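Printed here is coords-v8.txt (compact mmCIF, C-alpha atoms):
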# COMPACT_ATOMS: atom_id res chain seq x y z
CA MET A 1 156.52 127.01 81.72
CA GLY A 2 158.84 124.16 81.05
CA CYS A 3 157.20 123.17 77.80
CA HIS A 4 156.17 125.40 74.91
CA GLY A 5 153.33 124.13 72.73
CA THR A 6 152.24 125.36 69.35
CA GLY A 7 148.61 125.74 70.39
CA PRO A 8 145.60 124.19 68.66
CA TRP A 9 145.42 126.62 65.72
CA LEU A 10 149.09 126.37 64.80
CA GLY A 11 149.17 122.65 65.50
CA CYS A 12 146.24 122.08 63.15
CA SER A 13 147.84 124.20 60.46
CA GLN A 14 151.13 122.37 60.76
CA ALA A 15 149.28 119.11 60.37
CA CYS A 16 147.63 120.41 57.19
CA PHE A 17 150.76 121.85 55.61
CA GLY A 18 153.62 120.03 57.27
CA THR A 19 152.85 116.35 56.78
CA LEU A 20 151.25 116.08 53.36
CA THR A 21 153.54 115.05 50.54
CA GLY A 22 151.18 115.47 47.63
CA SER A 23 147.72 116.63 46.70
CA THR A 24 145.26 115.40 44.12
CA THR A 25 141.86 116.94 44.73
CA GLY A 26 140.42 116.11 41.32
CA VAL A 27 137.68 117.63 39.22
CA GLU A 28 134.83 116.10 41.22
CA PHE A 29 136.17 117.53 44.47
CA LYS A 30 136.42 121.02 42.97
CA LYS A 31 132.84 120.78 41.70
CA ILE A 32 131.53 120.14 45.19
CA PHE A 33 133.81 122.64 46.92
CA ASP A 34 133.63 125.33 44.24
CA VAL A 35 132.98 128.05 46.82
CA LEU A 36 136.58 127.62 48.02
CA GLY A 37 137.88 128.83 44.66
CA ASP A 38 141.53 128.07 43.94
CA GLY A 39 142.59 127.95 47.59
CA ILE A 40 144.90 125.31 48.96
CA PHE A 41 142.12 122.76 49.55
CA ASN A 42 141.09 122.89 45.89
CA SER A 43 144.54 123.14 44.32
CA ASP A 44 146.52 120.47 42.51
CA ALA A 45 150.12 119.83 41.49
CA ASP A 46 152.40 122.87 41.18
CA LEU A 47 149.81 125.36 42.42
CA TRP A 48 149.19 123.28 45.53
CA ARG A 49 152.91 122.91 46.20
CA SER A 50 153.48 126.65 45.82
CA GLN A 51 150.61 127.52 48.14
CA ARG A 52 151.65 124.90 50.67
CA LYS A 53 155.24 126.15 50.71
CA GLN A 54 154.21 129.76 51.22
CA ALA A 55 151.51 129.00 53.79
CA ARG A 56 153.84 126.86 55.84
CA ALA A 57 156.57 129.50 55.75
CA LEU A 58 154.18 132.20 56.96
CA ILE A 59 152.53 130.09 59.67
CA THR A 60 155.82 128.92 61.16
CA HIS A 61 157.42 132.38 61.00
CA GLU A 62 158.37 133.90 64.35
CA ARG A 63 156.31 137.03 63.74
CA PHE A 64 153.16 135.00 63.18
CA ARG A 65 153.87 132.90 66.28
CA LYS A 66 154.09 136.08 68.34
CA PHE A 67 150.83 137.32 66.87
CA LEU A 68 149.22 133.93 67.53
CA ILE A 69 150.17 133.95 71.21
CA LYS A 70 149.11 137.58 71.68
CA THR A 71 145.79 137.12 69.89
CA SER A 72 144.87 133.86 71.62
CA TRP A 73 145.69 135.25 75.06
CA GLU A 74 143.74 138.48 74.54
CA LYS A 75 140.69 136.74 73.07
CA VAL A 76 140.48 134.34 76.02
CA GLU A 77 141.11 137.06 78.60
CA LYS A 78 138.90 139.77 77.10
CA GLY A 79 136.38 137.62 75.24
CA LEU A 80 135.85 134.10 76.56
CA ILE A 81 136.25 134.74 80.29
CA PRO A 82 133.86 137.75 80.39
CA VAL A 83 131.25 135.72 78.47
CA LEU A 84 131.57 132.77 80.85
CA GLU A 85 131.30 135.10 83.84
CA HIS A 86 128.19 136.70 82.35
CA VAL A 87 126.61 133.32 81.66
CA SER A 88 127.35 132.16 85.20
CA GLU A 89 125.94 135.31 86.80
CA GLN A 90 122.76 135.12 84.72
CA GLY A 91 122.31 131.39 85.24
CA MET A 92 122.09 130.87 81.49
CA VAL A 93 122.25 127.59 79.60
CA ILE A 94 124.36 127.87 76.45
CA ASP A 95 125.52 125.69 73.59
CA LEU A 96 129.17 125.06 74.39
CA GLN A 97 130.03 124.18 70.81
CA ASP A 98 128.53 127.46 69.63
CA LEU A 99 130.58 129.30 72.25
CA PHE A 100 133.83 127.67 71.16
CA GLN A 101 132.99 128.23 67.52
CA ARG A 102 132.56 131.93 68.24
CA LEU A 103 135.90 131.94 70.03
CA THR A 104 137.76 130.21 67.22
CA PHE A 105 135.98 132.22 64.53
CA ASP A 106 137.12 135.52 66.05
CA THR A 107 140.61 134.21 66.75
CA THR A 108 141.05 132.77 63.27
CA CYS A 109 139.70 135.89 61.59
CA ILE A 110 142.15 138.07 63.53
CA LEU A 111 145.07 135.77 62.74
CA VAL A 112 144.18 135.58 59.06
CA THR A 113 142.96 139.12 58.32
CA GLY A 114 143.94 141.22 61.32
CA PHE A 115 140.31 142.21 61.97
CA ASP A 116 138.02 141.10 64.81
CA PRO A 117 134.43 140.35 63.67
CA GLY A 118 133.18 140.44 67.28
CA CYS A 119 131.34 137.13 67.22
CA LEU A 120 132.26 136.30 70.83
CA SER A 121 130.43 138.66 73.17
CA THR A 122 127.77 138.56 75.86
CA GLU A 123 125.12 139.51 73.27
CA PHE A 124 125.87 136.39 71.17
CA PRO A 125 125.34 138.37 67.94
CA ASP A 126 124.61 136.93 64.51
CA VAL A 127 127.67 137.74 62.41
CA PRO A 128 126.97 137.55 58.64
CA PHE A 129 130.45 136.20 57.86
CA SER A 130 130.12 133.32 60.32
CA LYS A 131 126.53 132.56 59.31
CA ALA A 132 127.53 132.48 55.63
CA MET A 133 130.28 129.97 56.38
CA ASP A 134 127.77 127.76 58.21
CA GLU A 135 125.31 127.85 55.32
CA ALA A 136 128.03 127.17 52.75
CA GLU A 137 129.25 124.14 54.71
CA GLU A 138 125.69 122.80 55.06
CA ALA A 139 125.16 123.08 51.30
CA ILE A 140 128.46 121.30 50.62
CA LEU A 141 127.38 118.49 52.94
CA MET A 142 124.12 118.14 51.01
CA ARG A 143 126.10 117.88 47.77
CA HIS A 144 127.82 114.84 49.24
CA CYS A 145 124.47 113.28 50.17
CA LEU A 146 122.51 113.99 46.99
CA PRO A 147 123.09 112.70 43.45
CA GLU A 148 125.08 115.20 41.41
CA SER A 149 122.24 115.67 38.93
CA LEU A 150 119.87 116.61 41.76
CA TRP A 151 122.01 119.24 43.46
CA LYS A 152 122.99 120.68 40.08
CA LEU A 153 119.29 121.03 39.25
CA GLY A 154 118.80 122.85 42.54
CA LYS A 155 121.69 125.14 41.62
CA LEU A 156 120.20 125.82 38.19
CA LEU A 157 116.77 126.61 39.62
CA GLY A 158 118.13 128.44 42.65
CA ILE A 159 116.22 126.41 45.23
CA GLY A 160 116.91 124.49 48.44
CA PRO A 161 120.45 124.32 49.84
CA GLU A 162 121.87 125.70 46.59
CA LYS A 163 119.89 128.90 47.07
CA LYS A 164 121.41 129.26 50.54
CA LEU A 165 124.86 128.58 49.13
CA SER A 166 124.41 131.26 46.48
CA ARG A 167 123.45 133.83 49.11
CA ALA A 168 126.24 132.73 51.43
CA TRP A 169 128.77 132.91 48.58
CA ALA A 170 127.81 136.53 47.92
CA VAL A 171 128.19 137.42 51.61
CA LEU A 172 131.59 135.71 51.81
CA ASP A 173 132.81 137.56 48.72
CA ASP A 174 131.55 140.88 50.03
CA VAL A 175 132.98 140.56 53.56
CA ILE A 176 136.37 139.27 52.45
CA ALA A 177 136.62 141.97 49.76
CA LYS A 178 136.05 144.58 52.48
CA TYR A 179 138.74 143.04 54.67
CA VAL A 180 141.24 143.04 51.79
CA SER A 181 140.38 146.64 50.88
CA MET A 182 140.66 147.76 54.52
CA LYS A 183 143.99 145.98 54.87
CA ARG A 184 145.45 147.56 51.75
CA GLU A 185 144.32 150.99 52.95
CA GLU A 186 145.69 150.36 56.43
CA MET A 187 149.05 149.26 55.04
CA SER A 188 149.30 152.21 52.68
CA LYS A 189 148.83 154.59 55.60
CA SER A 190 150.96 152.91 58.25
CA ASN A 191 153.60 151.05 56.21
CA ARG A 192 153.14 147.89 58.27
CA CYS A 193 156.15 146.15 56.75
CA ASN A 194 158.46 148.44 58.75
CA GLU A 195 156.75 148.00 62.10
CA ASP A 196 158.41 146.50 65.16
CA ASP A 197 158.82 142.73 64.94
CA ASN A 198 157.41 142.42 68.45
CA GLU A 199 153.96 143.26 67.13
CA GLY A 200 153.71 140.17 64.94
CA LEU A 201 151.81 139.98 61.67
CA ASP A 202 148.51 138.57 60.44
CA LEU A 203 148.59 136.34 57.37
CA LEU A 204 146.85 138.79 55.04
CA THR A 205 149.49 141.43 55.71
CA SER A 206 152.24 138.87 55.13
CA TYR A 207 150.75 137.76 51.81
CA ILE A 208 150.39 141.33 50.56
CA ASN A 209 153.88 142.29 51.76
CA GLY A 210 155.44 139.22 50.18
CA ASP A 211 153.60 139.49 46.86
CA GLU A 212 156.76 139.63 44.75
CA SER A 213 158.74 136.98 46.65
CA THR A 214 156.06 134.28 46.89
CA GLY A 215 155.93 133.33 43.22
CA LEU A 216 152.15 133.58 43.56
CA GLU A 217 149.92 136.23 42.05
CA CYS A 218 148.46 137.75 45.21
CA ASP A 219 145.59 139.57 43.55
CA ASP A 220 142.22 140.07 45.23
CA LYS A 221 140.85 136.72 44.01
CA PHE A 222 143.85 134.82 45.35
CA LEU A 223 143.56 136.63 48.68
CA ARG A 224 139.82 135.91 48.81
CA ASP A 225 140.32 132.19 48.22
CA THR A 226 143.23 131.99 50.65
CA ILE A 227 141.37 133.79 53.44
CA LEU A 228 138.31 131.57 53.09
CA ASN A 229 140.38 128.37 53.06
CA PHE A 230 142.27 129.44 56.18
CA MET A 231 139.05 130.44 57.93
CA ILE A 232 137.52 127.01 57.36
CA ALA A 233 140.74 125.27 58.39
CA GLY A 234 141.09 127.25 61.60
CA ARG A 235 137.53 127.60 62.85
CA ASP A 236 135.71 124.27 62.82
CA THR A 237 138.67 122.02 63.59
CA THR A 238 139.69 123.82 66.77
CA SER A 239 136.16 124.47 68.05
CA SER A 240 135.22 120.80 67.57
CA ALA A 241 138.37 119.68 69.38
CA LEU A 242 137.66 122.02 72.31
CA THR A 243 134.04 120.85 72.54
CA TRP A 244 134.99 117.17 72.58
CA PHE A 245 137.75 117.88 75.10
CA MET A 246 135.29 119.51 77.50
CA TRP A 247 132.83 116.64 77.08
CA LEU A 248 135.51 114.04 77.73
CA VAL A 249 136.76 115.86 80.81
CA SER A 250 133.22 116.25 82.16
CA THR A 251 132.63 112.50 81.80
CA HIS A 252 135.93 111.59 83.49
CA PRO A 253 135.96 113.35 86.89
CA GLU A 254 139.26 111.74 87.87
CA VAL A 255 140.94 113.44 84.90
CA GLU A 256 139.28 116.75 85.77
CA ARG A 257 140.64 116.44 89.31
CA LYS A 258 144.17 115.78 88.05
CA ILE A 259 144.01 118.74 85.67
CA ARG A 260 142.90 121.01 88.52
CA ASP A 261 145.71 119.69 90.71
CA GLU A 262 148.28 120.34 87.99
CA LEU A 263 146.97 123.86 87.38
CA ASN A 264 147.19 124.60 91.10
CA LEU A 265 150.73 123.24 91.14
CA LEU A 266 151.80 125.33 88.16
CA SER A 267 150.22 128.49 89.57
CA GLN A 268 152.43 128.46 92.66
CA PRO A 269 154.99 131.31 92.55
CA ARG A 270 158.05 129.08 92.78
CA ASN A 271 156.91 127.09 89.75
CA LEU A 272 156.15 130.19 87.70
CA THR A 273 159.65 131.55 88.25
CA ASN A 274 161.77 128.42 87.89
CA GLY A 275 160.43 127.20 84.55
CA GLY A 276 157.51 125.17 85.84
CA CYS A 277 157.40 121.54 86.85
CA SER A 278 156.58 119.68 83.67
CA LYS A 279 158.10 116.55 85.20
CA TRP A 280 155.00 116.23 87.38
CA THR A 281 152.37 117.50 84.94
CA SER A 282 151.19 115.17 82.21
CA TYR A 283 147.91 116.88 81.28
CA VAL A 284 148.57 120.61 80.96
CA THR A 285 152.14 120.72 79.58

Write-out of the structure in structure tokens:
Amino acid sequence: MGCHGTGPWLGCSQACFGTLTGSTTGVEFKKIFDVLGDGIFNSDADLWRSQRKQARALITHERFRKFLIKTSWEKVEKGLIPVLEHVSEQGMVIDLQDLFQRLTFDTTCILVTGFDPGCLSTEFPDVPFSKAMDEAEEAILMRHCLPESLWKLGKLLGIGPEKKLSRAWAVLDDVIAKYVSMKREEMSKSNRCNEDDNEGLDLLTSYINGDESTGLECDDKFLRDTILNFMIAGRDTTSSALTWFMWLVSTHPEVERKIRDELNLLSQPRNLTNGGCSKWTSYVT
């Protein structure tokens, strides 16, 4: 095509790490978001700057871009399209936001850890990792709504949303620890750092490979916090954007018609071979 975009996941990440000039989360913020550990969303000052610098370098690296394109394409082709075909054939009614959240959860998990949790499939399975993230986010929302003394009492007694958060926290720790362990074992066997550049790299591999050059102590706790922060950054933002996009298109039939016309124009052989026709396409390029 005539125009190369960064895609929603990379675009969101660049917005997070490329435009901020400082970070002051504060003690109160860290109290509420304690499940995120010392990840980039909870970090301050020098630690935040170091994490931001490293995260931005990895996300904008050519090898990650290649992996991003490959992963996104394969997940849509082998995951989203088969599910939509199945839903259409069965005449099912589905929650579109749930569908997109499954898509972005799988995609983000692959990009961050290199492993596919299999959330997007025709069976619509309950994936513990995804469910734990949902419950943790719900509990954090309640902390914003309730007086601090009240949610802290719930935490002390282990009741209500705080009980769910405690269980979710344990699941998150367990699943991420398994991913880190599996990745270290995989790398020790295959020596991923010497693989062909055309394959691209997930972020977890890059962090482990670059342990000595990052200036960060990439131990298991750091990797746990980093993975969870990236998962939250990549999943909900993109799935919400896709859901709202589909709703807006469905309520503006004239825009839907123009998008279809542009897609038909771009799919013509002469436009696929000569670099596209971005001059005439304002919606899809």

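Neighbours of Asp98 of chain A closer than or equal to 12 Å, with all atoms listed in the file counted and sequence neighbours fewer than 2 positions away skipped, come out as Val93, Ile94, Asp95, Leu96, Phe100, Gln101, Arg102, Leu103, Thr104, Phe105, Cys119, Leu120, Ser121, Phe124, Pro125, Asp126, Ser130, Lys131, Asp134, Arg235, Asp236, Ser239, Ser240, Leu242 and Thr243 of chain A.
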
Q: With a distance cut-off of 7 Å and only C-alpha atoms, select the neighbouring residues of Asn229 of chain A, excluding the residue or stretch itself and same-chain residues fewer than 5 positions from it, and output the selection as a VMD selection string.
A: chain A and resid 36 39 to 41

**Q.** Residue nearest Gly37 of chain A among A:Tyr207, A:Trp244, A:Trp169, A:Tyr283 (counting only C-alpha atoms)
**A.**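 Closest to Gly37 of chain A of all the choices is A:Trp169.
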
Q. Quick one: of A:Ile140, A:Ile159, A:Leu58, A:Ile227, who's nearest to Asp34 of chain A, counting only C-alpha atoms?
A. A:Ile140

Q. In Å, with one decimal, what is the gap from atom CA of Arg56 of chain A to atom CA of Gly118 of chain A?
A.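 The value is 27.2 Å.
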
Q: Just the residues within 10 Å of Leu165 of chain A, please, counting only C-alpha atoms, with nothing from its chain fewer than 2 positions along; format it as a list in words.
A: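 Returned residues: Val35, Ala132, Met133, Asp134, Glu135, Ala136, Glu137, Glu138, Ala139, Ile140, Lys155, Gly158, Ile159, Gly160, Pro161, Glu162, Lys163, Arg167, Ala168, Trp169, Ala170 and Val171 of chain A.
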
Q | Residue neighbourhood segment 179-181 of chain A, 12 Å, only C-alpha atoms, exclusion window fewer than 2 positions, as a PyMOL selection string | A | chain A and resi 109-110+112-117+129+172-177+183-188+203-205+207-208+218-228

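In this model, the gap between atom CA of Glu262 of chain A and atom CA of Ser72 of chain A comes to 21.5 Å.
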
Q. In Å, how far is it from atom CA of Lys75 of chain A to atom CA of Asp106 of chain A?
A. 8.0 Å

Q | Closest of A:Asp202, A:Glu148, A:Glu123, A:Glu254 to Gly79 of chain A - atom-to-atom distances counting only C-alpha atoms | A |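 Using only C-alpha atoms, the shortest distance to Gly79 of chain A belongs to A:Glu123.
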
Q | Distance criterion (all atoms listed in the file): nearest to Lys30 of chain A out of A:Arg143, A:Arg65, A:Met92, A:Lys70 | A |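 Closest residue, counting all atoms listed in the file: A:Arg143.
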
Q) Taking all atoms listed in the file into account, which of A:Thr71, A:Ser88, A:Asn42, A:Gln51 comes nearest Gly200 of chain A? A) A:Thr71

**Q.** Pick from A:Ile32, A:Ala55, A:Ala45, A:Leu99 nearest to Gly210 of chain A, counting all atoms listed in the file
**A.**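 Selected residue with least distance to Gly210 of chain A: A:Ala55.
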